[in-house]
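Colleague: I'm passing along model.cif; it holds mmCIF, C-alpha atoms.
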data_start
loop_
_atom_site.label_atom_id
_atom_site.label_comp_id
_atom_site.auth_asym_id
_atom_site.auth_seq_id
_atom_site.Cartn_x
_atom_site.Cartn_y
_atom_site.Cartn_z
CA MET T 178 -93.84 -59.78 16.99
CA ARG T 179 -92.43 -62.97 15.50
CA LYS T 180 -93.51 -64.19 12.08
CA LYS T 181 -96.21 -66.79 11.65
CA ILE T 182 -95.12 -69.10 8.84
CA VAL T 183 -96.62 -72.12 7.12
CA ALA T 184 -93.96 -73.82 4.99
CA GLY T 185 -94.58 -76.64 2.55
CA ASN T 186 -91.90 -79.27 1.90
CA TRP T 187 -92.67 -81.05 -1.35
CA LYS T 188 -89.74 -83.45 -0.86
CA MET T 189 -89.04 -85.50 -4.04
CA ASN T 190 -92.52 -85.18 -5.49
CA LEU T 191 -94.23 -83.48 -8.46
CA ASP T 192 -92.70 -83.20 -11.91
CA TYR T 193 -92.22 -79.75 -13.42
CA ASN T 194 -95.72 -79.23 -14.78
CA GLU T 195 -97.42 -80.82 -11.78
CA GLY T 196 -95.49 -78.51 -9.46
CA LEU T 197 -96.45 -75.39 -11.40
CA GLY T 198 -100.08 -76.49 -11.35
CA VAL T 199 -100.18 -77.05 -7.60
CA PHE T 200 -98.34 -73.79 -6.91
CA SER T 201 -100.71 -71.81 -9.11
CA GLU T 202 -103.64 -73.17 -7.13
CA ILE T 203 -101.91 -72.37 -3.83
CA ILE T 204 -101.07 -68.74 -4.63
CA ASN T 205 -104.56 -68.02 -5.94
CA MET T 206 -106.24 -69.61 -2.92
CA VAL T 207 -103.90 -67.74 -0.56
CA LYS T 208 -104.75 -64.47 -2.30
CA ASP T 209 -108.49 -65.13 -1.97
CA GLU T 210 -108.69 -66.87 1.40
CA ALA T 211 -105.71 -66.12 3.68
CA THR T 212 -106.71 -63.05 5.69
CA GLY T 213 -104.14 -63.15 8.50
CA THR T 214 -100.53 -61.98 8.60
CA GLN T 215 -99.10 -65.46 8.03
CA GLU T 216 -96.32 -65.97 5.48
CA VAL T 217 -96.42 -68.97 3.15
CA VAL T 218 -93.23 -70.69 1.99
CA VAL T 219 -93.10 -73.48 -0.58
CA CYS T 220 -89.87 -75.50 -0.57
CA SER T 221 -89.85 -77.34 -3.86
CA PRO T 222 -87.38 -79.54 -5.72
CA PHE T 223 -84.67 -77.49 -7.43
CA ILE T 224 -86.24 -77.87 -10.87
CA HIS T 225 -89.24 -75.75 -9.87
CA ILE T 226 -87.67 -72.91 -7.93
CA HIS T 227 -87.02 -70.34 -10.66
CA SER T 228 -90.48 -70.72 -12.17
CA LEU T 229 -92.23 -70.62 -8.78
CA VAL T 230 -90.38 -67.42 -7.88
CA GLN T 231 -91.60 -65.83 -11.11
CA MET T 232 -95.17 -66.98 -10.44
CA ALA T 233 -95.08 -65.62 -6.88
CA LYS T 234 -94.12 -62.08 -7.90
CA GLY T 235 -96.77 -59.70 -6.65
CA TYR T 236 -97.97 -62.13 -3.98
CA HIS T 237 -96.36 -60.61 -0.90
CA LYS T 238 -97.43 -63.48 1.37
CA VAL T 239 -95.82 -66.24 -0.67
CA ALA T 240 -92.09 -67.07 -0.76
CA VAL T 241 -90.13 -69.94 -2.28
CA GLY T 242 -87.40 -72.07 -0.74
CA ALA T 243 -85.06 -74.97 -1.43
CA GLN T 244 -84.89 -78.24 0.48
CA ASN T 245 -81.13 -78.40 0.86
CA ALA T 246 -77.88 -76.62 -0.02
CA HIS T 247 -74.24 -77.70 -0.13
CA GLN T 248 -71.87 -76.27 2.45
CA ALA T 249 -69.21 -75.29 -0.11
CA GLU T 250 -69.32 -72.15 -2.23
CA SER T 251 -68.59 -74.09 -5.44
CA GLY T 252 -66.42 -76.92 -6.68
CA ALA T 253 -66.28 -80.49 -7.89
CA TYR T 254 -69.40 -81.72 -6.10
CA THR T 255 -71.35 -83.44 -8.84
CA GLY T 256 -75.09 -83.36 -8.27
CA GLU T 257 -74.99 -80.69 -5.57
CA THR T 258 -76.42 -77.15 -5.51
CA SER T 259 -74.83 -74.17 -3.79
CA ALA T 260 -76.47 -71.45 -1.72
CA LYS T 261 -75.29 -68.87 -4.27
CA MET T 262 -77.14 -70.76 -7.03
CA ILE T 263 -80.28 -70.94 -4.92
CA LYS T 264 -80.11 -67.23 -4.14
CA SER T 265 -79.55 -66.39 -7.82
CA VAL T 266 -82.96 -67.77 -8.83
CA GLY T 267 -84.80 -65.76 -6.17
CA ALA T 268 -85.42 -68.24 -3.37
CA ALA T 269 -85.65 -66.84 0.16
CA TYR T 270 -85.44 -69.94 2.38
CA VAL T 271 -83.50 -73.20 2.59
CA ILE T 272 -84.43 -76.21 4.72
CA ILE T 273 -81.36 -77.39 6.64
CA GLY T 274 -81.08 -80.62 8.60
CA HIS T 275 -84.41 -82.23 7.80
CA SER T 276 -84.66 -85.58 9.57
CA GLU T 277 -84.58 -87.37 6.20
CA ARG T 278 -81.26 -85.67 5.37
CA ARG T 279 -79.92 -86.71 8.76
CA GLN T 280 -81.20 -90.29 8.44
CA TYR T 281 -80.66 -91.14 4.76
CA PHE T 282 -77.65 -88.95 3.93
CA GLY T 283 -75.77 -89.07 7.21
CA GLU T 284 -75.83 -85.33 7.83
CA ASN T 285 -74.63 -84.52 11.34
CA ASN T 286 -74.70 -81.37 13.44
CA GLU T 287 -71.16 -80.33 12.44
CA LEU T 288 -72.01 -80.46 8.74
CA LEU T 289 -75.33 -78.70 9.28
CA ALA T 290 -73.58 -75.87 11.13
CA LYS T 291 -71.42 -75.33 8.03
CA LYS T 292 -74.46 -75.42 5.76
CA THR T 293 -76.20 -72.87 7.98
CA ASP T 294 -73.21 -70.54 7.77
CA THR T 295 -73.11 -70.76 3.97
CA VAL T 296 -76.84 -70.19 3.59
CA LEU T 297 -76.71 -67.14 5.87
CA LYS T 298 -73.70 -65.76 3.98
CA HIS T 299 -75.91 -65.58 0.89
CA ASP T 300 -78.72 -63.80 2.72
CA LEU T 301 -81.03 -66.79 2.71
CA HIS T 302 -83.11 -67.83 5.71
CA PRO T 303 -82.38 -71.33 7.02
CA ILE T 304 -85.31 -73.39 8.23
CA PHE T 305 -83.25 -75.45 10.65
CA CYS T 306 -84.84 -78.76 11.66
CA ILE T 307 -84.40 -80.46 15.01
CA GLY T 308 -86.16 -83.38 16.67
CA GLU T 309 -85.93 -86.76 18.31
CA THR T 310 -86.61 -90.32 17.16
CA LEU T 311 -89.12 -92.61 18.83
CA GLN T 312 -86.29 -94.52 20.50
CA GLU T 313 -84.85 -91.30 21.93
CA ARG T 314 -88.24 -90.17 23.21
CA GLU T 315 -88.99 -93.53 24.80
CA ALA T 316 -85.59 -93.36 26.52
CA ASN T 317 -86.52 -89.90 27.83
CA GLN T 318 -83.61 -88.38 25.92
CA HIS T 319 -85.62 -85.96 23.78
CA PHE T 320 -84.66 -82.80 25.65
CA ASP T 321 -80.95 -83.71 25.57
CA VAL T 322 -81.10 -84.57 21.86
CA ILE T 323 -82.73 -81.27 20.98
CA ARG T 324 -80.36 -79.26 23.16
CA THR T 325 -77.37 -80.91 21.47
CA GLN T 326 -78.77 -80.24 18.00
CA LEU T 327 -79.19 -76.56 18.90
CA VAL T 328 -75.78 -76.20 20.53
CA GLU T 329 -73.84 -77.99 17.80
CA GLY T 330 -75.95 -76.79 14.87
CA VAL T 331 -76.84 -73.13 15.40
CA PHE T 332 -75.72 -71.77 18.77
CA HIS T 333 -72.34 -70.77 17.30
CA LEU T 334 -74.20 -67.92 15.52
CA ASP T 335 -74.22 -64.43 16.95
CA ALA T 336 -77.59 -62.87 17.79
CA PRO T 337 -78.04 -60.94 14.48
CA GLN T 338 -77.28 -64.11 12.50
CA PHE T 339 -79.57 -66.21 14.66
CA ALA T 340 -82.38 -63.70 14.10
CA LYS T 341 -82.47 -64.72 10.41
CA LEU T 342 -83.15 -68.32 11.35
CA VAL T 343 -86.43 -70.22 11.49
CA LEU T 344 -86.48 -73.38 13.62
CA ALA T 345 -88.65 -76.39 12.89
CA TYR T 346 -89.31 -79.04 15.53
CA GLU T 347 -89.85 -82.44 13.92
CA PRO T 348 -90.77 -85.33 16.17
CA VAL T 349 -89.23 -87.90 13.82
CA TRP T 350 -91.66 -90.52 15.07
CA ALA T 351 -94.55 -88.39 13.72
CA ILE T 352 -93.29 -87.71 10.18
CA GLY T 353 -95.15 -89.55 7.44
CA THR T 354 -96.61 -91.94 10.00
CA GLY T 355 -99.98 -90.28 10.47
CA VAL T 356 -99.12 -90.08 14.16
CA THR T 357 -99.09 -86.55 15.51
CA ALA T 358 -97.67 -85.28 18.75
CA SER T 359 -100.50 -83.98 20.90
CA SER T 360 -100.74 -80.21 21.08
CA ALA T 361 -99.50 -80.43 24.68
CA GLN T 362 -96.47 -82.55 23.67
CA ALA T 363 -95.63 -80.17 20.83
CA GLN T 364 -96.04 -77.10 23.03
CA GLU T 365 -93.82 -78.62 25.73
CA ILE T 366 -90.94 -79.01 23.27
CA HIS T 367 -91.46 -75.61 21.63
CA GLU T 368 -91.43 -73.97 25.05
CA PHE T 369 -88.24 -75.86 25.92
CA ILE T 370 -86.59 -74.69 22.68
CA ARG T 371 -87.52 -71.08 23.38
CA LYS T 372 -86.08 -71.31 26.90
CA GLU T 373 -82.83 -72.71 25.51
CA ILE T 374 -82.62 -69.78 23.08
CA ALA T 375 -83.24 -67.31 25.91
CA ALA T 376 -80.51 -68.93 27.99
CA LYS T 377 -78.04 -68.75 25.10
CA TYR T 378 -78.90 -65.25 23.84
CA ASN T 379 -81.63 -63.35 25.70
CA GLN T 380 -85.39 -63.28 26.11
CA GLU T 381 -85.91 -60.80 23.29
CA VAL T 382 -84.13 -63.06 20.78
CA ALA T 383 -86.14 -66.03 22.05
CA ASP T 384 -89.44 -64.13 21.80
CA ASN T 385 -88.66 -63.13 18.20
CA THR T 386 -87.66 -66.61 16.97
CA THR T 387 -90.20 -68.39 14.78
CA ILE T 388 -90.50 -72.07 15.73
CA LEU T 389 -92.53 -74.31 13.41
CA TYR T 390 -94.06 -77.69 14.17
CA GLY T 391 -93.26 -80.37 11.60
CA GLY T 392 -94.97 -83.66 12.33
CA SER T 393 -98.04 -84.81 10.38
CA CYS T 394 -99.83 -81.49 10.66
CA ASN T 395 -103.11 -81.51 8.71
CA PRO T 396 -106.25 -79.38 8.25
CA LYS T 397 -107.96 -81.10 11.19
CA ASN T 398 -105.29 -80.48 13.83
CA ALA T 399 -103.61 -77.29 12.55
CA ALA T 400 -105.80 -74.82 14.45
CA GLU T 401 -105.27 -76.58 17.79
CA LEU T 402 -101.50 -76.83 17.23
CA PHE T 403 -101.13 -73.23 16.04
CA ALA T 404 -103.14 -71.97 19.03
CA GLN T 405 -100.32 -73.05 21.36
CA PRO T 406 -98.33 -70.05 22.63
CA ASP T 407 -94.93 -71.23 21.37
CA ILE T 408 -95.97 -72.81 18.05
CA ASP T 409 -95.61 -70.26 15.25
CA GLY T 410 -96.68 -72.36 12.27
CA GLY T 411 -95.86 -75.58 10.53
CA LEU T 412 -93.42 -77.32 8.23
CA ILE T 413 -95.88 -79.35 6.17
CA GLY T 414 -94.96 -82.44 4.17
CA GLY T 415 -97.59 -84.55 2.45
CA ALA T 416 -100.45 -82.10 2.93
CA SER T 417 -98.52 -79.40 1.05
CA LEU T 418 -98.83 -81.45 -2.15
CA LYS T 419 -102.60 -80.94 -2.10
CA SER T 420 -103.44 -77.28 -2.59
CA ARG T 421 -106.78 -77.44 -0.76
CA ASP T 422 -105.32 -79.16 2.31
CA PHE T 423 -102.30 -76.87 2.41
CA VAL T 424 -104.37 -73.69 2.19
CA ASP T 425 -106.77 -74.98 4.83
CA ILE T 426 -103.74 -75.37 7.14
CA ILE T 427 -102.60 -71.84 6.25
CA LYS T 428 -106.08 -70.55 7.11
CA ALA T 429 -105.72 -71.84 10.67
CA PHE T 430 -104.06 -68.44 11.27
CA ASN T 431 -106.95 -66.40 9.81
#
Can you turn what I pasted into structure tokens?
Modeller:
Amino acid sequence: MRKKIVAGNWKMNLDYNEGLGVFSEIINMVKDEATGTQEVVVCSPFIHIHSLVQMAKGYHKVAVGAQNAHQAESGAYTGETSAKMIKSVGAAYVIIGHSERRQYFGENNELLAKKTDTVLKHDLHPIFCIGETLQEREANQHFDVIRTQLVEGVFHLDAPQFAKLVLAYEPVWAIGTGVTASSAQAQEIHEFIRKEIAAKYNQEVADNTTILYGGSCNPKNAAELFAQPDIDGGLIGGASLKSRDFVDIIKAFN
């Protein structure tokens, strides 16, 4: 059975003490209120990771991740952070290819394939993001866009490598806009992604792949979204900064 995961992406928010405060609230609420088998991942800015990992010890449901990693092992890349560094402080996950990295930092599928390889080399789990813009959806190109992102970004992996991956579908037009894809729209894309995986690998690999929804998921719509057969959780942005909202989303799996 594939993992159910609710991952929080704090983006560039919360200073050090604010982050520790929010995380402390999250892990205590999860301990008291999350009764299902769901795993919780918090992807924080780099400054928090080591401390969050220490705080999460003993909480088997809660893991910590980074929001990005450089594709190189080391070198003269001022301001960058390597997968080895991220692994060394105890993180378990790394977000790769978030739409904001693609849009603001020009990251393309070729680069993201290299980042994925490096992250996997260091026994970290990539949360690999895919999704279409509003313009691409309106032009009825969304299936082609997503297929290309899969083929060029992660379909070079062999089946054992791919099994360590989590996918996150982000309708870019629904991130930070308050607009959410309907549960039917989200399910349609998740089902399409799973069929593409089955065609590339096999049905067993597809059935075991966790695919998250990442587009303005909130406590009000989480249960309906997570009830869809091919939606295995969420990659949560703004709502993950508020411990009560984030845990209420997590509890949609209770």
Colleague: Excluding same-chain residues fewer than 4 positions from Gly213 in chain T, what lies within 12 Å of it counting only C-alpha atoms, as a list in words?
Modeller: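 The contact residues come out as Lys180, Lys181, Ile182, Val183, Val207, Lys208, Asp209, Val217, Lys238, Ile427, Lys428, Ala429, Phe430 and Asn431 of chain T.
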Colleague: To one decimal in Å, tell me the separation between CA of Lys419 in chain T and CA of Val356 in chain T.
Modeller: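 Answer for the CA of Lys419 in chain T to CA of Val356 in chain T separation: 19.0 Å.
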Colleague: Which residues are near range 311-325 of chain T? Cut-off 9 Å, only C-alpha atoms, ignore same chain within fewer than 4 positions. Put them as a list of chain:residue names.
Modeller: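 Using only C-alpha atoms, the neighbours found are T:Asn286, T:Ile307, T:Glu329, T:Gly330, T:Tyr346, T:Pro348, T:Val349, T:Trp350, T:Ala351, T:Ile366, T:Phe369, T:Ile370, T:Glu373.
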Colleague: Restricting the calculation to all atoms listed in the file, which member of T:Gln362, T:Ser265, T:Ser201, T:Gln248 is positioned closest to Lys234 in chain T?
Modeller: T:Ser201
Colleague: Between T:Glu277, T:Thr386, T:Ile204, T:Ile426, which residue has the minimum interatomic distance to Phe403 in chain T, considering all atoms listed in the file?
Modeller: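 Nearest to Phe403 in chain T: T:Ile426.
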Colleague: Between T:Gln338, T:Ser276, T:Asn398, T:Gln244, which one has atoms that come closest to Lys188 in chain T, using all atoms listed in the file?
Modeller: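 Answer, going by the shortest atom-to-atom distance: T:Gln244.
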Colleague: Could you give me, as an mmCIF file with C-alpha atoms, in the frame of the given file, the residues that sit within 12 Å of (-105.8, -79.1, 3.9) in the file's coordinates, counting only C-alpha atoms?
Modeller:
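Output below, filename part19.cif:
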data_model
loop_
_atom_site.group_PDB
_atom_site.id
_atom_site.type_symbol
_atom_site.label_atom_id
_atom_site.label_comp_id
_atom_site.auth_asym_id
_atom_site.auth_seq_id
_atom_site.Cartn_x
_atom_site.Cartn_y
_atom_site.Cartn_z
ATOM 1 C CA VAL T 183 -96.620 -72.120 7.120
ATOM 2 C CA GLY T 185 -94.580 -76.640 2.550
ATOM 3 C CA ILE T 203 -101.910 -72.370 -3.830
ATOM 4 C CA MET T 206 -106.240 -69.610 -2.920
ATOM 5 C CA SER T 393 -98.040 -84.810 10.380
ATOM 6 C CA CYS T 394 -99.830 -81.490 10.660
ATOM 7 C CA ASN T 395 -103.110 -81.510 8.710
ATOM 8 C CA PRO T 396 -106.250 -79.380 8.250
ATOM 9 C CA LYS T 397 -107.960 -81.100 11.190
ATOM 10 C CA ASN T 398 -105.290 -80.480 13.830
ATOM 11 C CA ALA T 399 -103.610 -77.290 12.550
ATOM 12 C CA ALA T 400 -105.800 -74.820 14.450
ATOM 13 C CA ILE T 413 -95.880 -79.350 6.170
ATOM 14 C CA GLY T 414 -94.960 -82.440 4.170
ATOM 15 C CA GLY T 415 -97.590 -84.550 2.450
ATOM 16 C CA ALA T 416 -100.450 -82.100 2.930
ATOM 17 C CA SER T 417 -98.520 -79.400 1.050
ATOM 18 C CA LEU T 418 -98.830 -81.450 -2.150
ATOM 19 C CA LYS T 419 -102.600 -80.940 -2.100
ATOM 20 C CA SER T 420 -103.440 -77.280 -2.590
ATOM 21 C CA ARG T 421 -106.780 -77.440 -0.760
ATOM 22 C CA ASP T 422 -105.320 -79.160 2.310
ATOM 23 C CA PHE T 423 -102.300 -76.870 2.410
ATOM 24 C CA VAL T 424 -104.370 -73.690 2.190
ATOM 25 C CA ASP T 425 -106.770 -74.980 4.830
ATOM 26 C CA ILE T 426 -103.740 -75.370 7.140
ATOM 27 C CA ILE T 427 -102.600 -71.840 6.250
ATOM 28 C CA LYS T 428 -106.080 -70.550 7.110
ATOM 29 C CA ALA T 429 -105.720 -71.840 10.670
#
Colleague: Can you list, as a list in words, the residues that the PyMOL selection byres ((chain T and resi 387) around 9) selects here?
Modeller: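 Applying the expression gives Arg179, Lys180, Lys181, Ile182, Leu342, Val343, Leu344, Ala345, Ala383, Asp384, Asn385, Thr386, Ile388, Leu389, Asp407, Ile408, Asp409 and Gly410 of chain T.
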Colleague: The selected residues should be written to file as an mmCIF file, in the frame of the given file (atoms: C-alpha atoms).
Modeller:
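Okay, result_30.cif is ready:
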data_model
loop_
_atom_site.group_PDB
_atom_site.id
_atom_site.type_symbol
_atom_site.label_atom_id
_atom_site.label_comp_id
_atom_site.auth_asym_id
_atom_site.auth_seq_id
_atom_site.Cartn_x
_atom_site.Cartn_y
_atom_site.Cartn_z
ATOM 1 C CA ARG T 179 -92.430 -62.970 15.500
ATOM 2 C CA LYS T 180 -93.510 -64.190 12.080
ATOM 3 C CA LYS T 181 -96.210 -66.790 11.650
ATOM 4 C CA ILE T 182 -95.120 -69.100 8.840
ATOM 5 C CA LEU T 342 -83.150 -68.320 11.350
ATOM 6 C CA VAL T 343 -86.430 -70.220 11.490
ATOM 7 C CA LEU T 344 -86.480 -73.380 13.620
ATOM 8 C CA ALA T 345 -88.650 -76.390 12.890
ATOM 9 C CA ALA T 383 -86.140 -66.030 22.050
ATOM 10 C CA ASP T 384 -89.440 -64.130 21.800
ATOM 11 C CA ASN T 385 -88.660 -63.130 18.200
ATOM 12 C CA THR T 386 -87.660 -66.610 16.970
ATOM 13 C CA ILE T 388 -90.500 -72.070 15.730
ATOM 14 C CA LEU T 389 -92.530 -74.310 13.410
ATOM 15 C CA ASP T 407 -94.930 -71.230 21.370
ATOM 16 C CA ILE T 408 -95.970 -72.810 18.050
ATOM 17 C CA ASP T 409 -95.610 -70.260 15.250
ATOM 18 C CA GLY T 410 -96.680 -72.360 12.270
#
Colleague: Kindly give the distance, in Å, that separates CA of Gly355 in chain T and CA of Tyr390 in chain T, rounded to a single decimal.
Modeller: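 Separation between CA of Gly355 in chain T and CA of Tyr390 in chain T: 14.4 Å.
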Colleague: To one decimal in Å, tell me the separation between CA of Leu301 in chain T and CA of Ala268 in chain T.
Modeller: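 Those two atoms sit 7.6 Å apart.
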Colleague: Restricting the calculation to all atoms listed in the file: of T:Leu327, T:Asn285, T:Asn186, T:Ala269, which residue gets closest to Lys372 in chain T?
Modeller: T:Leu327
Colleague: Nearest residue to Gly308 in chain T out of T:Gly391, T:Gly242, T:Gly267, T:Gly252, using only C-alpha atoms?
Modeller: T:Gly391
Colleague: Just want the 8 Å neighbourhood of Lys261 in chain T, counted on all atoms listed in the file, with same-chain residues fewer than 3 positions away dropped. Output as number ranges by chain.
Modeller: T: 250, 264-265, 299
